[in-house]
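To keep things clear, I will list the structure first and then write my remarks on it.
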Amino acid sequence: MQGSRPLVRVVRLGLVSYQEGLRLQQVYVDRHRSGPAHSLLLCEHPPVYTTGIRHQPYPASRLDPLRLLGAEVHRANRGGLITFHGPGQLVCYPVLDLSGFRKSVRWYVAQLEKTVVSACGSLGVTATTSPHTGVWVGDNKICAMGIHCGRYVTSHGLALNCNTDLSWFSHIVPCGIEGKGVTSLSRELRRDVSVHEATPHLLAAFGEHFHCELSEDA
Amino acid sequence: MAMRATLRCLSANFSPRLPLLSSAGRDNRAARLRWVSGTRRTFSSCSVLSTALKFTEKHEWVQVEGGIGTVGISSYAQDALGDVVYCGLPEVGQRLEQMDEFGALESVKAASELYSPLTGEVTAINTQLAENPGLVNKDCYAEGWLIKMTIEKPEEVDALMDQAAYDKFIKSLEE
């Protein structure tokens with residue numbers, strides 16, 4: 001069908017635990033069973049470290065000390081290595097059926113990266129992509145990404161540092177990439193940039209790069 | 001299944017650059033077989049149980065030989081994934097129903113699930129992929145095989161697409 005743009009529903013979850021985020025993603029994933037039900041879940045998490053399907057690098061002995069810091073620790077079925085989620089970080093979980101877009105995980109991740117680069121740009125931060133998936137400002141990662149795709153339905157997504165306390169990242173090698181750092185919109189712009197401020201920029205960029213209509217529940 | 005219905009809704013963004021790769025994949029496979037055996041007998045040998053590659057709509061291939069099916073992903077699939085950095089495979093001995101998730105491939109920070117093309121039991125997994133997951137991209141029809149399994153329901157193999165049908169299927173995805 002030429003020219004009709006997919007409809008993506010924006011769902012604002014607010015501050016939810018990582019576990020609750022997983023549960024809600026599954027609810028939205030399951031909706032795709034009865035037809036297209038593209039959704040974009042937005043949330044923030046209390047401090048949590050998460051690992052992906054490559055769990056060998058992270059035995060319990062390596063993860064337990066992180067709990068002592070007051071964070072939760074979770075394994076997830078997404079790609080990517082260890083990362084941190086916490087207050088001040090805009091977490092976005094697009095639950096899309098790629099059959100309605102393009103059936104390529106590689107394409108999907110590239111579009112997500114472009115979305116974040118555009119969003120950063122519209123806020124005044126020049127960000128780039130690199131051979132390491134995610135979005136960077138120089139050698140510092142401003143947005144992490146880790147995706148799961150089953151039967152063309154996506155889950156997990158991206159985490160953009162707005163005014164996150166970056167010291168949480170000092171306890172891990174973020175995404176397993178040695179020698180690189182992390183940054184945030186606030187650090188780059190030297191002023192406080194909240195999740196609330198960044199969200200409309202991310203949504204606008206998403207609509208643009210995915211050629212879709214975004215709708216919000218009243 | 002809802003999946004097939006949504007094939008109609010592919011957006012106009014889809015750029016048809018993939019056919020080159022699926023035919024390249026096929027050509028590489030054919031070339032390798034000529035090198036290995038000098039003939040194409042490996043695909044259509046005298047054994048009743050041996051078949052040419054069959055394909056699923058999820059872009060997996062199955063090759064049957066001696067009652068055992070070798071499973072991998074097609075060139076189209078490996079291209080759509082990007083460079084594979086990790087293969088999560090099942091345990092030997094695990095029993096799979098057709099369409100059961102049996103593992104995942106990770107590429108570009110995305111974990112993509114794998115679905116069993118047949119019902120049977122896993123008899124072997126490609127342990128080379130632990131050290132060299134990129135084989136799935138470089139040699140998806142040969143060295144990049146994923147699992148081997150028994151075939152409880154031979155009729156499931158018959159129902160899969162042959163090369164010609166699969167090539168047609170890929171073309172239809174690009175419209």
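A note on labels: chains of the structure tokens are A, B, ... as shown, every chain counts residues from 1, and ligands are counted from 1 in their shown order.
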| If you run DSSP on the backbone, which residues of range 5-137 of chain A are strand (DSSP E or B), as a PyMOL selection string? | chain A and resi 7-15+39-44+48-51+72-75+83-85+89-95+97+128+135-137
Using only C-alpha atoms, please write the residues we just selected to a file, as a PDB file, in the first residue's frame.
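Saved to again-v8.pdb:
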```pdb
ATOM      1  CA  LEU A   7       0.579   4.381  13.143  1.00  0.00           C
ATOM      2  CA  VAL A   8       2.687   4.158  16.293  1.00  0.00           C
ATOM      3  CA  ARG A   9       1.121   4.662  19.664  1.00  0.00           C
ATOM      4  CA  VAL A  10       3.197   6.568  22.225  1.00  0.00           C
ATOM      5  CA  VAL A  11       2.815   5.157  25.737  1.00  0.00           C
ATOM      6  CA  ARG A  12       4.280   7.160  28.603  1.00  0.00           C
ATOM      7  CA  LEU A  13       4.987   4.834  31.507  1.00  0.00           C
ATOM      8  CA  GLY A  14       6.717   7.301  33.845  1.00  0.00           C
ATOM      9  CA  LEU A  15       9.097   5.908  36.449  1.00  0.00           C
ATOM     10  CA  SER A  39       3.884   1.171  20.154  1.00  0.00           C
ATOM     11  CA  LEU A  40       6.624   3.354  21.565  1.00  0.00           C
ATOM     12  CA  LEU A  41       7.033   2.944  25.306  1.00  0.00           C
ATOM     13  CA  LEU A  42       8.751   5.797  27.147  1.00  0.00           C
ATOM     14  CA  CYS A  43       9.939   5.510  30.723  1.00  0.00           C
ATOM     15  CA  GLU A  44      12.633   6.023  33.315  1.00  0.00           C
ATOM     16  CA  VAL A  48      19.550  -0.846  37.444  1.00  0.00           C
ATOM     17  CA  TYR A  49      22.390  -2.586  35.634  1.00  0.00           C
ATOM     18  CA  THR A  50      21.342  -4.919  32.833  1.00  0.00           C
ATOM     19  CA  THR A  51      23.162  -7.485  30.721  1.00  0.00           C
ATOM     20  CA  GLU A  72      19.137  -3.753  40.789  1.00  0.00           C
ATOM     21  CA  VAL A  73      20.776  -6.148  38.386  1.00  0.00           C
ATOM     22  CA  HIS A  74      18.900  -7.946  35.588  1.00  0.00           C
ATOM     23  CA  ARG A  75      19.688 -10.203  32.691  1.00  0.00           C
ATOM     24  CA  THR A  83      24.699  -1.009  30.721  1.00  0.00           C
ATOM     25  CA  PHE A  84      23.072   1.175  33.351  1.00  0.00           C
ATOM     26  CA  HIS A  85      19.615   2.709  33.492  1.00  0.00           C
ATOM     27  CA  GLN A  89      17.830   8.793  31.420  1.00  0.00           C
ATOM     28  CA  LEU A  90      15.161   8.657  28.719  1.00  0.00           C
ATOM     29  CA  VAL A  91      14.454   5.002  28.064  1.00  0.00           C
ATOM     30  CA  CYS A  92      12.534   4.219  24.908  1.00  0.00           C
ATOM     31  CA  TYR A  93      11.220   0.780  23.965  1.00  0.00           C
ATOM     32  CA  PRO A  94       9.772   0.727  20.436  1.00  0.00           C
ATOM     33  CA  VAL A  95       7.569  -2.340  20.093  1.00  0.00           C
ATOM     34  CA  ASP A  97       6.341  -5.168  13.893  1.00  0.00           C
ATOM     35  CA  THR A 128      27.543  10.515  15.651  1.00  0.00           C
ATOM     36  CA  VAL A 135      25.190   7.166  19.635  1.00  0.00           C
ATOM     37  CA  TRP A 136      28.377   8.994  20.526  1.00  0.00           C
ATOM     38  CA  VAL A 137      29.757  12.448  21.160  1.00  0.00           C
TER      39      VAL A 137
END
```
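Of the residues under consideration (A:Leu189, A:Val29, A:Val116, A:Leu166), A:Val29 shows the shortest atom-to-atom contact distance to Gly150 in chain A when counting only C-alpha atoms.
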| request: For range 75-92 of chain B, please output as a PyMOL selection string all residues within 6 Å (counting only C-alpha atoms; exclusion window: fewer than 4 positions along the same chain). | output: (chain A and resi 104-106) or (chain B and resi 22+25+59+102-107+122-124+133-134+137)
Export N, CA and C atoms of the chosen residues as a PDB file, in the first residue's frame?
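This is the output file result04.pdb:
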```
ATOM      1  N   SER A 104      14.279  -5.842   8.439  1.00  0.00           N
ATOM      2  CA  SER A 104      15.722  -5.981   8.609  1.00  0.00           C
ATOM      3  C   SER A 104      16.109  -5.369   9.935  1.00  0.00           C
ATOM      4  N   VAL A 105      16.660  -6.193  10.801  1.00  0.00           N
ATOM      5  CA  VAL A 105      17.094  -5.733  12.112  1.00  0.00           C
ATOM      6  C   VAL A 105      18.209  -4.705  11.962  1.00  0.00           C
ATOM      7  N   ARG A 106      19.040  -4.953  10.988  1.00  0.00           N
ATOM      8  CA  ARG A 106      20.151  -4.028  10.731  1.00  0.00           C
ATOM      9  C   ARG A 106      19.623  -2.642  10.362  1.00  0.00           C
TER      10      ARG A 106
ATOM     11  N   SER B  22      21.195 -12.648  -2.298  1.00  0.00           N
ATOM     12  CA  SER B  22      20.707 -14.023  -2.227  1.00  0.00           C
ATOM     13  C   SER B  22      21.257 -14.814  -3.395  1.00  0.00           C
ATOM     14  N   GLY B  25      24.823 -15.529  -2.608  1.00  0.00           N
ATOM     15  CA  GLY B  25      24.906 -16.624  -1.630  1.00  0.00           C
ATOM     16  C   GLY B  25      24.793 -17.964  -2.322  1.00  0.00           C
ATOM     17  N   HIS B  59      13.398 -17.471   6.566  1.00  0.00           N
ATOM     18  CA  HIS B  59      14.731 -17.404   5.941  1.00  0.00           C
ATOM     19  C   HIS B  59      15.736 -18.366   6.545  1.00  0.00           C
ATOM     20  N   PHE B 102      14.643 -21.754  19.102  1.00  0.00           N
ATOM     21  CA  PHE B 102      15.729 -22.627  19.533  1.00  0.00           C
ATOM     22  C   PHE B 102      17.004 -21.877  19.844  1.00  0.00           C
ATOM     23  N   GLY B 103      16.997 -20.583  19.655  1.00  0.00           N
ATOM     24  CA  GLY B 103      18.205 -19.830  19.956  1.00  0.00           C
ATOM     25  C   GLY B 103      18.078 -18.412  19.450  1.00  0.00           C
ATOM     26  N   ALA B 104      19.205 -17.729  19.421  1.00  0.00           N
ATOM     27  CA  ALA B 104      19.209 -16.340  18.949  1.00  0.00           C
ATOM     28  C   ALA B 104      20.565 -16.020  18.355  1.00  0.00           C
ATOM     29  N   LEU B 105      20.559 -15.117  17.402  1.00  0.00           N
ATOM     30  CA  LEU B 105      21.797 -14.593  16.848  1.00  0.00           C
ATOM     31  C   LEU B 105      21.873 -13.136  17.250  1.00  0.00           C
ATOM     32  N   GLU B 106      23.041 -12.684  17.682  1.00  0.00           N
ATOM     33  CA  GLU B 106      23.172 -11.266  18.002  1.00  0.00           C
ATOM     34  C   GLU B 106      24.029 -10.555  16.965  1.00  0.00           C
ATOM     35  N   SER B 107      23.541  -9.424  16.526  1.00  0.00           N
ATOM     36  CA  SER B 107      24.279  -8.570  15.593  1.00  0.00           C
ATOM     37  C   SER B 107      23.874  -7.149  15.912  1.00  0.00           C
ATOM     38  N   VAL B 122      17.739 -32.113  18.618  1.00  0.00           N
ATOM     39  CA  VAL B 122      19.034 -31.550  18.238  1.00  0.00           C
ATOM     40  C   VAL B 122      20.111 -32.612  18.418  1.00  0.00           C
ATOM     41  N   THR B 123      20.849 -32.899  17.352  1.00  0.00           N
ATOM     42  CA  THR B 123      21.906 -33.913  17.445  1.00  0.00           C
ATOM     43  C   THR B 123      23.289 -33.281  17.477  1.00  0.00           C
ATOM     44  N   ALA B 124      23.392 -32.050  16.996  1.00  0.00           N
ATOM     45  CA  ALA B 124      24.688 -31.381  17.004  1.00  0.00           C
ATOM     46  C   ALA B 124      24.475 -29.885  16.898  1.00  0.00           C
ATOM     47  N   PRO B 133      31.653 -16.433  15.232  1.00  0.00           N
ATOM     48  CA  PRO B 133      30.241 -16.234  14.869  1.00  0.00           C
ATOM     49  C   PRO B 133      30.070 -15.643  13.471  1.00  0.00           C
ATOM     50  N   GLY B 134      31.086 -14.974  12.987  1.00  0.00           N
ATOM     51  CA  GLY B 134      31.012 -14.367  11.654  1.00  0.00           C
ATOM     52  C   GLY B 134      30.862 -15.369  10.520  1.00  0.00           C
ATOM     53  N   ASN B 137      27.732 -15.114   8.593  1.00  0.00           N
ATOM     54  CA  ASN B 137      27.669 -14.150   7.483  1.00  0.00           C
ATOM     55  C   ASN B 137      28.491 -14.629   6.296  1.00  0.00           C
TER      56      ASN B 137
END
```
| What are the DSSP alpha helix (DSSP H) residues of range 51-175 of chain B, as JSON, numbers by chain? | {"B": [75, 76, 77, 78, 79, 80, 81, 128, 129, 130, 131, 135, 136, 137, 138, 154, 155, 156, 157, 158, 159, 163, 164, 165, 166, 167, 168, 169, 170, 171, 172, 173]}
| task | Within 7 Å of chain B, which residues of chain A are there when counting only C-alpha atoms? Please give them as a ChimeraX atom specification. | result | /A:1-3,33-35,78-80,99-102,104-106,133,145-150
Restricting the output to N, CA and C atoms, write the selected residues as a short mmCIF file (atom, residue, chain, number, x, y, z; two decimals), in the first residue's frame.
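Below is the file result_0.cif, written as the result:
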```
data_model
loop_
_atom_site.label_atom_id
_atom_site.label_comp_id
_atom_site.auth_asym_id
_atom_site.auth_seq_id
_atom_site.Cartn_x
_atom_site.Cartn_y
_atom_site.Cartn_z
N MET A 1 0.85 -1.20 0.00
CA MET A 1 0.00 0.00 0.00
C MET A 1 0.88 1.24 0.00
N GLN A 2 0.90 1.90 -1.15
CA GLN A 2 1.81 3.02 -1.33
C GLN A 2 1.40 4.18 -0.44
N GLY A 3 2.38 4.74 0.26
CA GLY A 3 2.14 6.05 0.89
C GLY A 3 1.45 6.04 2.24
N ARG A 33 -0.02 -10.01 17.99
CA ARG A 33 -0.56 -11.29 17.50
C ARG A 33 -1.84 -11.10 16.72
N SER A 34 -2.59 -10.04 17.09
CA SER A 34 -3.88 -9.88 16.40
C SER A 34 -3.87 -8.75 15.38
N GLY A 35 -2.66 -8.40 14.89
CA GLY A 35 -2.60 -7.37 13.86
C GLY A 35 -1.63 -6.29 14.27
N ARG A 78 18.08 -9.11 25.30
CA ARG A 78 18.42 -8.16 24.23
C ARG A 78 19.87 -8.37 23.80
N GLY A 79 20.23 -7.75 22.69
CA GLY A 79 21.63 -7.72 22.30
C GLY A 79 22.35 -6.66 23.12
N GLY A 80 23.65 -6.61 22.95
CA GLY A 80 24.44 -5.63 23.70
C GLY A 80 24.92 -6.20 25.02
N SER A 99 7.48 -6.01 9.97
CA SER A 99 6.76 -6.29 8.73
C SER A 99 6.06 -5.04 8.24
N GLY A 100 5.76 -4.10 9.14
CA GLY A 100 5.10 -2.87 8.73
C GLY A 100 6.08 -1.79 8.33
N PHE A 101 7.37 -2.10 8.44
CA PHE A 101 8.39 -1.11 8.12
C PHE A 101 9.36 -1.73 7.13
N ARG A 102 10.38 -2.36 7.63
CA ARG A 102 11.33 -3.06 6.78
C ARG A 102 11.87 -4.23 7.58
N SER A 104 14.28 -5.84 8.44
CA SER A 104 15.72 -5.98 8.61
C SER A 104 16.11 -5.37 9.94
N VAL A 105 16.66 -6.19 10.80
CA VAL A 105 17.09 -5.73 12.11
C VAL A 105 18.21 -4.70 11.96
N ARG A 106 19.04 -4.95 10.99
CA ARG A 106 20.15 -4.03 10.73
C ARG A 106 19.62 -2.64 10.36
N THR A 133 27.65 0.05 17.98
CA THR A 133 26.24 0.46 18.00
C THR A 133 25.96 1.39 19.17
N MET A 145 22.17 1.28 23.11
CA MET A 145 21.11 0.56 22.42
C MET A 145 21.25 -0.93 22.57
N GLY A 146 20.14 -1.60 22.73
CA GLY A 146 20.16 -3.06 22.79
C GLY A 146 18.76 -3.54 22.46
N ILE A 147 18.67 -4.40 21.47
CA ILE A 147 17.38 -4.75 20.89
C ILE A 147 17.10 -6.24 21.00
N HIS A 148 15.84 -6.59 21.01
CA HIS A 148 15.44 -7.98 20.82
C HIS A 148 14.44 -8.01 19.69
N CYS A 149 14.53 -9.04 18.86
CA CYS A 149 13.56 -9.15 17.77
C CYS A 149 13.10 -10.59 17.67
N GLY A 150 11.79 -10.79 17.81
CA GLY A 150 11.24 -12.13 17.69
C GLY A 150 10.04 -12.08 16.77
#
```
| said: At a cut-off of 10 Å, using only C-alpha atoms, what residues contact Leu112 in chain A? Leave out same-chain residues fewer than 3 positions from it and give the result as number ranges by chain. | reply: A: 94, 107-109, 115-118, 134-135, 145, 157-158, 205-206, 209-210
Emit the selected residues as a compact mmCIF listing (two decimals), in the first residue's frame, including N, CA and C atoms.
```txt
# COMPACT_ATOMS: atom_id res chain seq x y z
N PRO A 94 10.72 0.84 21.56
CA PRO A 94 9.77 0.73 20.44
C PRO A 94 9.35 -0.73 20.28
N TRP A 107 18.61 -2.61 9.51
CA TRP A 107 18.00 -1.35 9.11
C TRP A 107 17.37 -0.68 10.32
N TYR A 108 16.65 -1.47 11.11
CA TYR A 108 15.93 -0.94 12.27
C TYR A 108 16.91 -0.25 13.23
N VAL A 109 18.01 -0.94 13.56
CA VAL A 109 18.98 -0.36 14.49
C VAL A 109 19.59 0.92 13.90
N THR A 115 17.69 8.36 14.50
CA THR A 115 16.68 9.07 15.29
C THR A 115 17.34 9.81 16.45
N VAL A 116 18.22 9.11 17.15
CA VAL A 116 18.86 9.73 18.30
C VAL A 116 19.83 10.83 17.86
N VAL A 117 20.55 10.60 16.79
CA VAL A 117 21.46 11.64 16.28
C VAL A 117 20.67 12.91 15.95
N SER A 118 19.52 12.74 15.29
CA SER A 118 18.68 13.91 14.96
C SER A 118 18.15 14.59 16.21
N GLY A 134 25.19 2.42 18.91
CA GLY A 134 24.89 3.40 19.94
C GLY A 134 25.15 4.77 19.35
N VAL A 135 24.97 5.81 20.14
CA VAL A 135 25.19 7.17 19.64
C VAL A 135 26.23 7.86 20.51
N MET A 145 22.17 1.28 23.11
CA MET A 145 21.11 0.56 22.42
C MET A 145 21.25 -0.93 22.57
N GLY A 157 15.38 -1.46 23.50
CA GLY A 157 15.48 -0.25 22.65
C GLY A 157 16.68 0.57 22.99
N LEU A 158 16.43 1.82 23.41
CA LEU A 158 17.53 2.75 23.60
C LEU A 158 17.42 3.49 24.93
N ALA A 205 11.94 13.14 15.95
CA ALA A 205 12.96 12.47 15.13
C ALA A 205 12.51 11.06 14.77
N PHE A 206 11.85 10.37 15.69
CA PHE A 206 11.37 9.02 15.42
C PHE A 206 10.35 9.03 14.29
N HIS A 209 12.27 9.59 10.95
CA HIS A 209 13.12 8.51 10.41
C HIS A 209 12.37 7.22 10.16
N PHE A 210 11.24 7.03 10.85
CA PHE A 210 10.46 5.82 10.61
C PHE A 210 9.23 6.08 9.75
```
| query | Could you work out how far CA of Ile142 in chain A lies from CA of Thr126 in chain A, giving the answer in Å with one decimal? | reply | 10.6 Å
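The closest residue to Ala110 in chain A, picked from A:Ser130, A:Gln19, A:Asn163, A:Thr199 and counting only C-alpha atoms, is A:Ser130.
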| Contacts of Trp145 in chain B at 9 Å (only C-alpha atoms; same-chain gap of 3+ positions) as a ChimeraX atom specification | /B:70-73,125-126,129,135-136,139-142,148
Output of the above residues as a compact mmCIF listing (two decimals), in the first residue's frame, restricted to N, CA, C and O atoms:
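Output saved as again-v7.txt:
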```txt
# COMPACT_ATOMS: atom_id res chain seq x y z
N THR B 70 20.32 -30.49 8.55
CA THR B 70 21.22 -29.41 8.96
C THR B 70 20.48 -28.10 8.72
O THR B 70 19.82 -27.94 7.69
N VAL B 71 20.57 -27.20 9.69
CA VAL B 71 19.80 -25.96 9.65
C VAL B 71 20.72 -24.76 9.68
O VAL B 71 21.71 -24.73 10.42
N GLY B 72 20.40 -23.77 8.87
CA GLY B 72 21.15 -22.52 8.90
C GLY B 72 20.24 -21.39 8.47
O GLY B 72 19.04 -21.59 8.29
N ILE B 73 20.81 -20.19 8.31
CA ILE B 73 20.00 -19.08 7.80
C ILE B 73 20.48 -18.70 6.41
O ILE B 73 21.63 -18.94 6.05
N ILE B 125 25.41 -29.12 17.48
CA ILE B 125 25.41 -27.67 17.26
C ILE B 125 26.79 -27.30 16.73
O ILE B 125 27.77 -27.99 16.98
N ASN B 126 26.84 -26.23 15.97
CA ASN B 126 28.09 -25.83 15.34
C ASN B 126 28.96 -25.09 16.35
O ASN B 126 28.84 -23.88 16.55
N LEU B 129 31.02 -21.75 15.91
CA LEU B 129 30.41 -20.42 15.96
C LEU B 129 30.72 -19.70 17.27
O LEU B 129 30.59 -18.48 17.36
N LEU B 135 31.08 -16.65 10.81
CA LEU B 135 30.87 -17.68 9.78
C LEU B 135 29.43 -17.65 9.27
O LEU B 135 29.15 -18.03 8.13
N VAL B 136 28.52 -17.23 10.14
CA VAL B 136 27.11 -17.17 9.73
C VAL B 136 26.94 -16.18 8.58
O VAL B 136 26.10 -16.36 7.71
N ASP B 139 29.68 -17.60 5.38
CA ASP B 139 29.48 -18.90 4.72
C ASP B 139 28.18 -19.51 5.22
O ASP B 139 28.18 -20.62 5.77
N CYS B 140 27.08 -18.78 5.03
CA CYS B 140 25.83 -19.15 5.69
C CYS B 140 25.29 -20.50 5.26
O CYS B 140 24.52 -21.12 6.00
N TYR B 141 25.66 -20.98 4.07
CA TYR B 141 25.11 -22.25 3.60
C TYR B 141 26.02 -23.44 3.90
O TYR B 141 25.65 -24.58 3.64
N ALA B 142 27.19 -23.18 4.43
CA ALA B 142 28.12 -24.29 4.67
C ALA B 142 28.72 -24.20 6.08
O ALA B 142 28.13 -24.65 7.04
N LYS B 148 22.12 -29.38 13.84
CA LYS B 148 21.63 -30.55 13.13
C LYS B 148 20.56 -31.18 14.00
O LYS B 148 20.66 -31.15 15.24
```
